[in-house]
Structure formats: C-alpha cells, structure tokens
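Undergrad: Handing you a structure now.
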Amino acid sequence: MGFKDEIKRRRTFAIVSHPDAGKTTLTEKLLLFGGAIQVAGAVKSNKIKKTATSDFMEIEKQRGISVATSVMGFDYRDKKINILDTPGHKDFAEDTYRTLSAVDSVIIVIDVAKGVEEQTEKLCEVARMRNTPIMVFINKLDRIGKDGFELLDEVEQKLNIKVRPLSWPIGMGPGFKGVYNLYQQDLNLFSPHGKQEQHDVISVKDVNDPVLDKHVGGSAAEKLREEIELIEAVYPEFKVEDYLNGEISPVFFGSAINNFGVKELLDCFVDIAPPPVSRETEERVVEPNEDIFSGFCFKIHANIDPNHRNRIAFIRICSGKFTRGKQYHHVRLDKALRISSPTEFMAEKREIVDEAYPGDIIGIPDSGNFKIGDAVTEGEKLHFKGIPSFSPEIFKYVDNADPMKSKQLAKGLDQLTDEGVAQLFTSQWSGRKILGTVGPLQFDVIQHRLQHEYGALCKYSPVNLHKVCWIDSEDKSELKKFIERKQDYVTVDKDEKPVFMAESAWALQMAEEQYPKVKFHTTSEFE
Ligand code: G4P
C-alpha cells in the first residue's frame with residue numbers, strides 16, 4: 001500500500017465522557033468489532049475508582065494499567081483505527097485536554113438519564129476550540145432516561161454544538177424496542193443482553209414502510225413517524241462537510257453494554273470521520289502527506305518502573321513516514337535523536353514498530369528528554385500549536401523541606417512538571433514557586449514521587465488564588481508597567497511567559513479595567 005493510502009485509511013480519535021457514562025464499555029465493544037480483543041472484560045477500565053480518592057498509591061497503580069490502554073489500535077473494514085484513551089478522573093482532566101490535541105475527531109458518550117454532565121462540557125469546549133469533528137453517542141437506552149428531543153436541546157445548549165440525529169430510539173427502558181437508523185435507512189431491533197449478531201436489522205424503504213408496524217407495533221411506529229417528521233423539519237439535512245468542519249454533530253442512540261447501536265456508530269464513523277488532518281505550527285501548516293517526518297509529544301507516562309524513573313513519551317505523527325532507527329531531530333533540545341525501540345499499541349499489546357504513518361501514535365522510551373509539546377522532525381525547527389496549558393484550578397506554594405536536597409527538588413519539580421503532572425509558576429519578585437493543578441490528587445502524587453524518585457522533600461502552604469491568566473500587550477511599555485505595579489501577583493510559567501495570578505474574579509476584573517491595553521488569556525497559547 002502506498003504512503004498516501006496508508007494515511008487515508010487512518011482514523012485517530014478519542015472517546016470522552018463524564019465518568020460512568022459508558023466510555024470503557026463502548027471502547028471495548030469497538031475493539032470487539034475490530035477483532036482486537038476476543039472477550040468482553042478484556043479492557044481494564046482506567047477509571048480511577050471513587051473509593052480511592054484518598055489513596056494515591058492505588059491511583060498510581062491504576063494509572064499503570066492505563067499505559068496499556070493509552071492507545072488502542074485495530075483494523076476495521078479497510079481502516080486503521082487508533083483510539084486514544086482519556087483518563088476518567090476529573091483530576092486528570094489536563095491529560096485529556098492534551099490528548100485531544102493529538103486526535104482528528106472525538107466521540108462523546110452521554111448517559112441518557114443524566115444528560116450532559118459537567119466534565120463533558122469542559123472537554124467538549126476544548127474539542128471545539130480546535131473545531132474537532134464530534135459525534136455523539138447517547139448511551140443506556142435500555143434504561144429510562146430523558147426524552148430524545150429534550151436531550152438534543154440540552155446537548156446543543158450545554159455543549160454549544162449543533163446536532164443532527166442519525167438514529168432515533170423507539171421507546172426506552174423496559175419498553176425499548178430498537179433504533180431507526182436514519183443514516184442507512186434500516187430498523188435495528190433490540191434484544192436485551194444480546195450480541196450484535198442477535199440484534200435483528202431490518203431494511204426499510206423509509207419511515208412509512210408498513211414493515212415498521214409489523215416489528216414494533218402500530219402505535220410505536222406511528223409515534224416514530226411523527227418524531228422523524230419533526231426531526232426532518234427541525235434539524236438541518238446532514239452534510240458530511242459540516243461535520244468535518246466541526247459545525248454539526250451527528251447523534252446516535254444505543255446501549256453499549258448490550259452492544260446495541262454500536263456497529264451503526266462505528267460504520268458511520270468509518271465512513272465519514274476525517275483521516276489525519278493538517279496541523280498548525282508557529283512556522284507553517286504541516287500536511288500529513290508531506291514526505292518529511294514530523295510529530296509532537298502530547299503525553300508522557302512515567303512511573304512504569306519507579307526504580308528506574310523510566311517514562312514513555314507519546315508522539316503523534318503529523319507528517320511523513322516514521323522509520324525505526326533513522327536519525328531524527330529533537331527541536332527544543334536541538335539534538336539528534338535515534339529512536340531504536342519505538343512501540344506501537346494494539347489493544348492490550350505493546351510491540352516494537354518499524355514504521356508508522358501520520359495519525360499513528362508511537363511510544364518512545366525516555367529518561368527525561370521530553371516535555372509536553374516537543375516536536376520531533378527531520379531537522380526543521382517546527383513548533384506545533386494547539387497544545388496550550390489551561391489555567392489550573394488549585395494552587396499551593398511548594399517549598400523545600402530538606403535544605404540538603406534542594407538540587408533534587410528542583411530537578412524533580414522540573415521533570416514532573418515537564419510531564420504535565422502540574423504547572424509550575426515562579427514569582428519574579430520572591431522566587432517562590434507555586435504549583436497549580438486541576439485536582440487535589442496531583443499534590444499527593446508529586447510529594448510522593450519527589451520523595452521516592454528524586455529523594456527530595458517538599459512542603460506545601462496555601463495560596464489563595466482564583467485563576468491564572470497569561471498576559472501580553474501590543475503596548476510593551478504598558479505590559480512592563482503592569483508587571484512592575486503588580487509584581488506581587490505576577491509570576492512566570494515554565495516557558496518564562498508572564499502570568500497574572502488573580503486572587504478573585506473581582507481582582508481580575510479590576511486589573512482588566514485598569515489596564516485595558518493588557519490582554520488576559522486563560523490558556524497559554526493565543527494569537
Ligand atoms: P466510563 O468508562 O464512562 O466511566 O463508564 P463504564 O463503561 O465503566 O460504564 C459505567 C457503568 O455503566 C458500568 O456499570 C457499565 O456496565 C454501565 N453501562 C455501560 N453501558 C451501559 C448500557 O448501555 N446500559 C446500562 N444499563 N449500563 C451500562 P458498573 O456497575 O459501574 O460497572 P460494572 O460492574 O458493570 O463494570
């Protein structure tokens with residue numbers, strides 16, 4: 001197969017959901033269809049169980065499991081599918097934001113009873129920032145849940161996306177009869193706890209076909225006709241182009257645990273989801289079918305063996321063919337890089353890979369050279385965009401608790417924050433360091449890892465912060481003035497970018513009003 005055909009057949013995406021909506025179950029069913037696993041239950045949930053919130057060792061153990069499921073590749077029809085796993089726990093949301101930078105599309109799973117939940121909103125916002133095409137799967141139709149139209153309204157409002165149902169449920173809960181597939185014009189009849197083969201799929205001419213009445217009963221068929229009529233009247237005609245531009249999201253209904261509606265989703269996904277798309281860099285747009293190799297690191301998984309401080313850097317290939325053993329270039333370090341044992345992930349297995357293509361993810365063993373966002377090229381100095389840091393939500397001062405080990409502490413903090421466990425801000429005025437995270441768990445993880453991997457002791461003390469904002473201004477003297485006046489509240493991030501630490505929403509508003517020429521950004525990347 002030629003280079004361009006290899007690229008065209010790749011589909012790299014992530015499934016995101018609020019915990020418990022059914023992401024793991026859906027992933028597993030997709031893998032079953034792809035023949036990547038043979039039995040249900042083979043995919044270990046990387047979900048960090050609620051009971052373990054105070055037990056971070058348990059969390060580290062569970063994160064260890066998740067390295068195996070970081071990327072799940074399999075073939076389906078003539079396509080190579082790469083599913084990128086995202087952590088379910090909200091304290092690791094930042095990991096998910098970064099993973100979303102490495103995909104070409106997203107499937108969102110929503111629980112029919114719970115509707116759109118908080119974490120889904122945030123994740124969808126990140127996907128939308130990049131105009132990533134989104135498909136929606138409404139799960140658990142075997143249970144009583146919200147009305148279909150009510151849910152679609154909720155999805156449109158809370159996720160701020162336009163939707164178009166491509167399947168429609170007939171009843172729900174104990175009265176769930178199946179789904180009418182508007183995409184393929186057929187009727188998929190539901191039998192609880194059946195395998196896909198046991199669900200009968202019946203071809204219908206259109207929604208007026210009397211075959212419908214025969215299978216779901218006259219009144220359910222009538223209701224379905226009314227609802228389909230409403231859908232056709234209210235929702236725009238589905239155009240693949242609109243989906244690819246991130247303007248409209250097709251919606252499917254089903255029940256992952258019963259393997260129902262999953263094949264329809266997968267078949268439509270394979271038909272319309274985008275192959276690897278172009279990537280923006282600070283220098284230029286990189287097209288996947290360029291001959292020259294390029295990729296970037298979007299995730300670092302550490303602690304595979306705590307005694308050896310080894311890590312895997314995950315690289316998304318953006319252009320060109322990757323060849324094992326060939327000499328590449330680490331752009332930030334301006335250093336040659338020969339990758340002798342890159343790994344590829346196929347469901348539960350990790351294998352050395354000799355070549356890989358745009359859309360693929362390879363794992364590189366790393367002893368501390370990689371940082372999130374780093375580019376690997378054939379020599380060109382590229383800096384990929386779209387991998388910003390987001391304002392953390394929880395902050396603490398971090399100080400040295402063992403004066404003999406200050407070097408170890410500095411190194412540990414440097415490497416752990418390169419991995420993206422937390423963000424590090426340094427006060428220009430006092431030199432004190434502040435750690436910012438999305439959730440409280442990371443503080444425990446950092447303290448533990450500093451001690452066990454770097455032999456360093458740290459102590460935390462509270463700092464009252466609402467948000468951090470990256471600042472800039474076209475008027476450099478105004479920016480300088482702001483930094484001088486607010487020196488107590490200005491720090492720099494790891495890339496030496498100035499950051500305003502706002503104590504409250506009010507303080508931020510005041511700063512914005514007082515310094516109209518200064519721009520305040522909640523992510524580290526801005527135009
Ligand atoms: P997550 O990765 O999004 O967190 O969700 P996961 O797939 O682990 O599913 C959460 C729970 O919902 C699981 O039950 C799972 O069996 C159930 N589930 C998934 N899909 C469906 C569905 O279509 N219908 C129904 N009724 N339930 C579904 P659990 O009791 O938490 O775990 P388990 O003991 O069954 O594994």
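We name chains A, B, ... following the order of the structure tokens; residues begin at 1 in each chain, and ligands are numbered from 1 as shown.
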Using backbone DSSP assignments, extract all alpha helix (DSSP H) residues from segment 338-420 of chain A; output them as a PyMOL selection string.

TA: chain A and resi 406-418

Undergrad: Residues of chain A that have any atom at most 8 Å from an atom of ligand 1: could you tabulate them with the shortest-distance atom pair and the distance in Å to one decimal, using only C-alpha atoms and all ligand atoms, ordered by chain and increasing number, as a tab-separated table?

TA:
residue	atom	partner	partner_atom_place_in_ligand_line	distance
A:Val16	CA	ligand 1	3 (O)	7.8
A:Ser17	CA	ligand 1	3 (O)	5.7
A:His18	CA	ligand 1	3 (O)	6.1
A:Pro19	CA	ligand 1	4 (O)	3.7
A:Asp20	CA	ligand 1	4 (O)	3.3
A:Ala21	CA	ligand 1	3 (O)	4.1
A:Gly22	CA	ligand 1	7 (O)	3.3
A:Lys23	CA	ligand 1	3 (O)	3.6
A:Thr24	CA	ligand 1	2 (O)	3.6
A:Thr25	CA	ligand 1	7 (O)	3.7
A:Leu26	CA	ligand 1	7 (O)	6.4
A:Thr27	CA	ligand 1	7 (O)	7.9
A:Ser45	CA	ligand 1	8 (O)	6.4
A:Asn46	CA	ligand 1	2 (O)	7.6
A:Lys47	CA	ligand 1	4 (O)	6.0
A:Gly88	CA	ligand 1	4 (O)	6.0
A:Val109	CA	ligand 1	3 (O)	7.5
A:Asn139	CA	ligand 1	23 (O)	5.3
A:Lys140	CA	ligand 1	23 (O)	3.5
A:Leu141	CA	ligand 1	23 (O)	6.3
A:Asp142	CA	ligand 1	24 (N)	5.6
A:Arg143	CA	ligand 1	26 (N)	5.8
A:Gly254	CA	ligand 1	23 (O)	6.7
A:Ser255	CA	ligand 1	23 (O)	3.3
A:Ala256	CA	ligand 1	23 (O)	4.1
A:Ile257	CA	ligand 1	20 (N)	4.2
A:Asn258	CA	ligand 1	23 (O)	5.9
A:Asn259	CA	ligand 1	23 (O)	7.6
A:Phe260	CA	ligand 1	23 (O)	7.8

Undergrad: Name the residues in contact with Tyr489 of chain A at a cut-off of 12 Å, using only C-alpha atoms, excluding same-chain residues fewer than 6 positions from it; report them as a ChimeraX atom specification.

TA: /A:425-430,432,434,463-471,482-483,498-504,507-508,511

Undergrad: Show which residues sit within 7 Å of segment 361-372 of chain A, as a ChimeraX atom specification. Count only C-alpha atoms, and ignore same-chain residues fewer than 4 positions away.

TA: /A:297-299,310-317,341-344,415,418-420

Undergrad: Mind writing the picked residues with N, CA and C atoms as a tab-separated table (two decimals), in the first residue's frame?

TA:
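As written to disk, result-v7.tsv reads:
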chain	number	residue	atom	x	y	z
A	297	CYS	N	5.03	15.55	20.94
A	297	CYS	CA	4.75	14.78	22.15
A	297	CYS	C	3.53	15.39	22.85
A	298	PHE	N	2.51	14.56	23.08
A	298	PHE	CA	1.32	15.10	23.74
A	298	PHE	C	1.09	14.48	25.11
A	299	LYS	N	1.90	13.48	25.44
A	299	LYS	CA	1.66	12.81	26.71
A	299	LYS	C	2.95	12.13	27.15
A	310	ASN	N	11.75	5.46	34.57
A	310	ASN	CA	11.59	5.44	33.11
A	310	ASN	C	10.21	5.95	32.70
A	311	ARG	N	10.18	6.48	31.52
A	311	ARG	CA	8.94	7.06	31.05
A	311	ARG	C	8.73	6.71	29.58
A	312	ILE	N	7.52	6.88	29.14
A	312	ILE	CA	7.25	6.74	27.71
A	312	ILE	C	6.70	8.08	27.23
A	313	ALA	N	7.34	8.60	26.19
A	313	ALA	CA	6.80	9.82	25.58
A	313	ALA	C	5.95	9.39	24.40
A	314	PHE	N	4.72	9.88	24.35
A	314	PHE	CA	3.81	9.53	23.26
A	314	PHE	C	3.89	10.59	22.18
A	315	ILE	N	4.19	10.13	20.97
A	315	ILE	CA	4.35	11.06	19.85
A	315	ILE	C	3.23	10.83	18.84
A	316	ARG	N	2.55	11.90	18.50
A	316	ARG	CA	1.57	11.82	17.40
A	316	ARG	C	2.31	12.16	16.11
A	317	ILE	N	2.22	11.27	15.15
A	317	ILE	CA	2.89	11.54	13.87
A	317	ILE	C	2.01	12.46	13.04
A	341	SER	N	13.82	1.80	19.84
A	341	SER	CA	12.73	0.87	20.18
A	341	SER	C	11.40	1.57	20.39
A	342	PRO	N	10.87	2.15	19.30
A	342	PRO	CA	9.55	2.77	19.41
A	342	PRO	C	8.49	1.69	19.55
A	343	THR	N	7.46	1.98	20.31
A	343	THR	CA	6.41	0.97	20.44
A	343	THR	C	5.12	1.45	19.83
A	344	GLU	N	4.37	0.45	19.39
A	344	GLU	CA	3.05	0.70	18.84
A	344	GLU	C	2.09	-0.01	19.79
A	415	GLN	N	11.16	18.02	36.16
A	415	GLN	CA	10.77	16.88	35.33
A	415	GLN	C	9.29	16.54	35.48
A	418	ASP	N	7.39	18.96	33.52
A	418	ASP	CA	7.55	18.68	32.08
A	418	ASP	C	6.58	17.60	31.64
A	419	GLU	N	6.39	16.64	32.52
A	419	GLU	CA	5.46	15.54	32.23
A	419	GLU	C	4.02	16.02	32.21
A	420	GLY	N	3.79	17.17	32.81
A	420	GLY	CA	2.44	17.71	32.82
A	420	GLY	C	1.63	17.30	34.03

Undergrad: Would you mind reading off the distance between atom CA of Pro274 of chain A and atom CA of Glu525 of chain A, one decimal, in Å?

TA: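 So the answer is 24.9 Å.
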
Undergrad: Identify which of the residues A:Tyr454, A:Tyr357, A:Phe74, A:Phe390 lies closest to Lys405 of chain A, counting only C-alpha atoms when measuring atom-to-atom distances.

TA: A:Tyr454

Undergrad: Could you give me, as a ChimeraX atom specification, the residues within 9 Å of segment 261-270 of chain A, counting only C-alpha atoms and dropping anything in the same chain fewer than 5 positions from it?

TA: /A:11,26,29-30,33,76-77,79,81,135,137,167,178-179,181,183-184,188,196,251-256

Undergrad: Which of these, A:Arg164, A:Arg332, A:His215, A:Lys114, has the shortest distance to Ile144 of chain A once you count only C-alpha atoms?

TA: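 Checking each of A:Arg164, A:Arg332, A:His215, A:Lys114 against Ile144 of chain A, counting only C-alpha atoms, the winner is A:Lys114.
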